[in-house]
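Asks: Have a look at the structure that comes next, please.
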Amino acid sequence: MKILLVGSGGREHALAWALAKSPLLSRLYAAPGNAGIAEFAEIVPIAATDFEGLKNFAVTAGIDFAVIAADAQLVGGLWDVLEGAGIRALGPSKAAAVLEGSKGFVKDLCMEKGIPTAAYQRFREPGAAKSYAASLGFPVVIKADGLAAGKGVIIANSESESDKAIDFMFEGGFGDSGHEIVVEEFMAGEEASFFALSDGVNVIPLAGAQDHKRVGDGDTGPNTGGMGAYSPAPMLTPALERIAMEQFIKPTVAAFAERGLAYMGVLYLGLMITKAGPKLVEYNCRFGDPEAQVLLPRLKSDLLAALLAARGGTLDKISLQWTDEVALTVVMASGGYPGSYEKGNVISGLEEAASLPGITVFHAGTEKRDGKIVAVGGRVLDITATGKDVAQARTRAYAAVDRISWKDCFWRTDIGWRALAR
Ligand code: AMP
Ligand code: GLY
């Protein structure tokens, strides 16, 4: 089969790496890809935002199946554009991507189905939102309803912070995504993510992971897309994984079906493990980045077959095998990230790092220029190690990180600390 992978980050490199192992694959194309993905795929120089260009390429090249990796494309309706032209693709559809595209919709769905989550209300004007926030007490959580490039959540520690956050969103601070907001109760606890795959009716579990969203060691500094992750997450016990499937994922897919929306694709469940049990933080409609970089190295089964089954309504025939090993990834980033950073610095040590035991280097923001790999993103590389436990995977990952360098690169030195502290 000819497969088109849409995207260019570390998650997409991990997807390309896993898809390339499939016996079903004849040719893999990636648009626009990166220097690491180019090892597994033919690079197609079409931006992930150019839906018409992607559709035209897919039709001309005779693509059998497209894997759309990112929220912006799914929520923006690339699935619908491709399917409209007869190209099968991993969803969800634009209508079903409301799972990630509207926080208020998901909260209402939780209420309807009795899915545990923080108390909340939806607002379209600031006055009532401010009073409700004050009534909940502080800290309180203010969320733009729509996608905001991962920045749409503000945790306000006082009434003045909360009022400021509410005004900021209604004044367009997050663009259109803040025309409606959700104000919700703050949940204390430890976060973990759980992934599942749905074909609209059948749902199968993938695996759990824990991310490190803050830029600095000890979970300090501004939020990022994620500075490292590991899978499995020791806190997601088998009992909790069952709860994630039975009390969260399955009722959610069922609620979509009742609305006439077949949810076909990945469900990424963000959970807060509170003293009162697990509660939903949010859903995403795709693999996480960098969570995919630790899930996919543990998957022994054919990823492509599973993704095809999610589109084809045959997930009940799929049972996935996972290694017992732990995978851990350390994100190496450009100095300044998540703010502005330099582009074009040459990266050294990649081959030496990749030759170490248990190491796979996924590229996130790289390009090949004059035969050299250069850093062109904020998050640049995901140094991924497998090992018999978190401690071994972490030692291996950092040994590889130490071999790699470019001007002003940095990374967190404590990936996996929660798991090791247990
Ligand atoms: P994002 O991934 O940008 O949507 O960020 C959401 C993050 O905000 C989550 O990962 C949590 O750390 C935090 N968060 C969201 N909702 C709550 C809540 N109700 N209580 C505590 N933390 C929350
Ligand atoms: N690592 C967080 C995300 O993919 O949204």
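Quick note on naming: the chains in the structure tokens go A, B, ... in the order shown, residues restart at 1 in each chain, and ligands are numbered from 1 in order of appearance.
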Distance table requested - chain A against ligand 1, cut-off 6 Å, only C-alpha atoms and all ligand atoms: one row per qualifying residue with the closest atom pair and its distance in Å to one decimal, ordered by chain and rising residue number, as CSV.
Replies:
residue,atom,partner,partner_atom_place_in_ligand_line,distance
A:Ala118,CA,ligand 1,19 (N),5.5
A:Val141,CA,ligand 1,19 (N),5.7
A:Gly150,CA,ligand 1,3 (O),3.9
A:Lys151,CA,ligand 1,3 (O),4.8
A:Gly152,CA,ligand 1,3 (O),5.7
A:Val153,CA,ligand 1,3 (O),5.4
A:Glu184,CA,ligand 1,19 (N),5.7
A:Glu185,CA,ligand 1,19 (N),5.3
A:Phe186,CA,ligand 1,20 (N),3.6
A:Met187,CA,ligand 1,20 (N),3.7
A:Ala188,CA,ligand 1,21 (C),6.0
A:Val281,CA,ligand 1,16 (N),5.1
Asks: With the cut-off set at 9 Å and counting only C-alpha atoms, tabulate each residue of stretch 80-181 of chain A with an atom at most that distance from an atom of stretch 46-68 of chain A, showing the nearest atom pair and its distance in Å to one decimal, ordered by chain and increasing number, as a Markdown table.
Replies:
| residue | atom | partner | partner_atom | distance |
| --- | --- | --- | --- | --- |
| A:Val81 | CA | A:Lys55 | CA | 6.9 |
| A:Leu82 | CA | A:Lys55 | CA | 5.5 |
| A:Ala85 | CA | A:Lys55 | CA | 7.1 |
| A:Gly86 | CA | A:Val59 | CA | 8.0 |
| A:Ile87 | CA | A:Phe65 | CA | 6.4 |
| A:Arg88 | CA | A:Phe65 | CA | 4.9 |
| A:Ala89 | CA | A:Ala66 | CA | 4.4 |
| A:Leu90 | CA | A:Val67 | CA | 5.2 |
| A:Gly91 | CA | A:Ile68 | CA | 7.1 |
Asks: Got a sec to check which residues lie within 6 Å of ligand 2, using only C-alpha atoms and all ligand atoms, and send them as a PDB file with N, CA and C atoms, in the first residue's frame?
Replies:
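Printed below is out-v6.pdb as written:
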ATOM      1  N   ASP A 211       4.047  12.635  30.444  1.00  0.00           N
ATOM      2  CA  ASP A 211       4.745  13.702  29.733  1.00  0.00           C
ATOM      3  C   ASP A 211       5.344  14.656  30.776  1.00  0.00           C
ATOM      4  N   GLY A 225       5.313  22.032  24.536  1.00  0.00           N
ATOM      5  CA  GLY A 225       4.592  20.901  23.949  1.00  0.00           C
ATOM      6  C   GLY A 225       4.911  19.596  24.656  1.00  0.00           C
ATOM      7  N   GLY A 226       5.969  19.572  25.447  1.00  0.00           N
ATOM      8  CA  GLY A 226       6.394  18.356  26.149  1.00  0.00           C
ATOM      9  C   GLY A 226       7.900  18.194  26.008  1.00  0.00           C
ATOM     10  N   GLY A 288       0.041  11.801  21.127  1.00  0.00           N
ATOM     11  CA  GLY A 288       0.766  12.903  21.748  1.00  0.00           C
ATOM     12  C   GLY A 288       2.164  13.021  21.171  1.00  0.00           C
ATOM     13  N   ASP A 289       2.737  14.185  21.352  1.00  0.00           N
ATOM     14  CA  ASP A 289       4.118  14.431  20.976  1.00  0.00           C
ATOM     15  C   ASP A 289       4.777  15.079  22.183  1.00  0.00           C
ATOM     16  N   PRO A 290       5.629  14.412  22.941  1.00  0.00           N
ATOM     17  CA  PRO A 290       6.432  13.236  22.603  1.00  0.00           C
ATOM     18  C   PRO A 290       5.904  11.868  23.048  1.00  0.00           C
TER      19      PRO A 290
END
Asks: So which residues touch stretch 291-299 of chain A within 10 Å, counting only C-alpha atoms, skipping near sequence neighbours fewer than 4 positions away, as number ranges by chain?
Replies: A: 10-15, 17-19, 193-195, 206-212, 226, 228-232, 268, 286-287, 303, 320-330, 360-362, 382-386
Asks: A:Arg124: which residues within 8 Å, counting only C-alpha atoms, same-chain residues fewer than 4 positions away excluded, as a PyMOL selection string?
Replies: chain A and resi 179-181
Asks: Counting only C-alpha atoms, what is within 12 Å of A:Ile318, bar same-chain residues fewer than 6 positions away, as number ranges by chain?
Replies: A: 197-199, 202-206, 301-310, 312
Asks: Pick from A:Phe256, A:Met272, A:Lys372, A:Gln392: nearest to A:Cys110, with only C-alpha atoms counted?
Replies: A:Phe256
Asks: Report as an MDAnalysis selection string: the residues of stretch 154-294 of chain A with a DSSP assignment of helix (DSSP H, G or I), based on the backbone of this structure.
Replies: chainID A and resid 159:170 175:178 238:258 292:294
Asks: Put those residues in a file: C-alpha atoms, as an mmCIF file, in the first residue's frame.
Replies:
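Dumped to result28.cif:
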data_model
loop_
_atom_site.group_PDB
_atom_site.id
_atom_site.type_symbol
_atom_site.label_atom_id
_atom_site.label_comp_id
_atom_site.auth_asym_id
_atom_site.auth_seq_id
_atom_site.Cartn_x
_atom_site.Cartn_y
_atom_site.Cartn_z
ATOM 1 C CA GLU A 159 -9.299 36.723 41.686
ATOM 2 C CA SER A 160 -7.219 39.356 39.876
ATOM 3 C CA GLU A 161 -5.340 36.698 37.858
ATOM 4 C CA SER A 162 -8.597 35.000 37.026
ATOM 5 C CA ASP A 163 -10.304 38.262 35.941
ATOM 6 C CA LYS A 164 -7.254 39.089 33.805
ATOM 7 C CA ALA A 165 -7.256 35.654 32.154
ATOM 8 C CA ILE A 166 -10.984 35.880 31.381
ATOM 9 C CA ASP A 167 -10.625 39.369 29.871
ATOM 10 C CA PHE A 168 -7.555 38.265 27.899
ATOM 11 C CA MET A 169 -9.468 35.386 26.293
ATOM 12 C CA PHE A 170 -12.588 37.400 25.473
ATOM 13 C CA GLY A 175 -7.766 34.419 18.717
ATOM 14 C CA ASP A 176 -11.054 32.830 17.794
ATOM 15 C CA SER A 177 -10.606 29.908 20.162
ATOM 16 C CA GLY A 178 -11.461 32.204 23.104
ATOM 17 C CA PRO A 238 -3.774 -2.244 35.206
ATOM 18 C CA ALA A 239 -6.812 -1.413 37.371
ATOM 19 C CA LEU A 240 -6.629 2.270 36.397
ATOM 20 C CA GLU A 241 -6.190 1.367 32.729
ATOM 21 C CA ARG A 242 -9.375 -0.674 32.930
ATOM 22 C CA ILE A 243 -11.151 2.298 34.486
ATOM 23 C CA ALA A 244 -9.778 4.541 31.710
ATOM 24 C CA MET A 245 -11.293 2.230 29.097
ATOM 25 C CA GLU A 246 -14.611 1.425 30.815
ATOM 26 C CA GLN A 247 -15.458 4.739 32.493
ATOM 27 C CA PHE A 248 -13.902 7.230 30.068
ATOM 28 C CA ILE A 249 -13.027 6.010 26.570
ATOM 29 C CA LYS A 250 -15.930 3.625 25.877
ATOM 30 C CA PRO A 251 -18.726 5.953 27.060
ATOM 31 C CA THR A 252 -17.144 8.783 25.060
ATOM 32 C CA VAL A 253 -17.090 6.797 21.816
ATOM 33 C CA ALA A 254 -20.643 5.644 22.532
ATOM 34 C CA ALA A 255 -21.789 9.246 23.066
ATOM 35 C CA PHE A 256 -20.282 10.205 19.711
ATOM 36 C CA ALA A 257 -22.063 7.298 18.019
ATOM 37 C CA GLU A 258 -25.370 8.373 19.585
ATOM 38 C CA ALA A 292 4.107 8.695 20.460
ATOM 39 C CA GLN A 293 7.898 8.481 20.631
ATOM 40 C CA VAL A 294 7.603 6.221 23.700
#
Asks: Using only C-alpha atoms, pick whichever of A:Ala72, A:Ala397, A:Met111, A:Ala95 has the shortest atom-to-atom distance to A:Ala148.
Replies: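 Result for the nearest residue to A:Ala148: A:Ala72.
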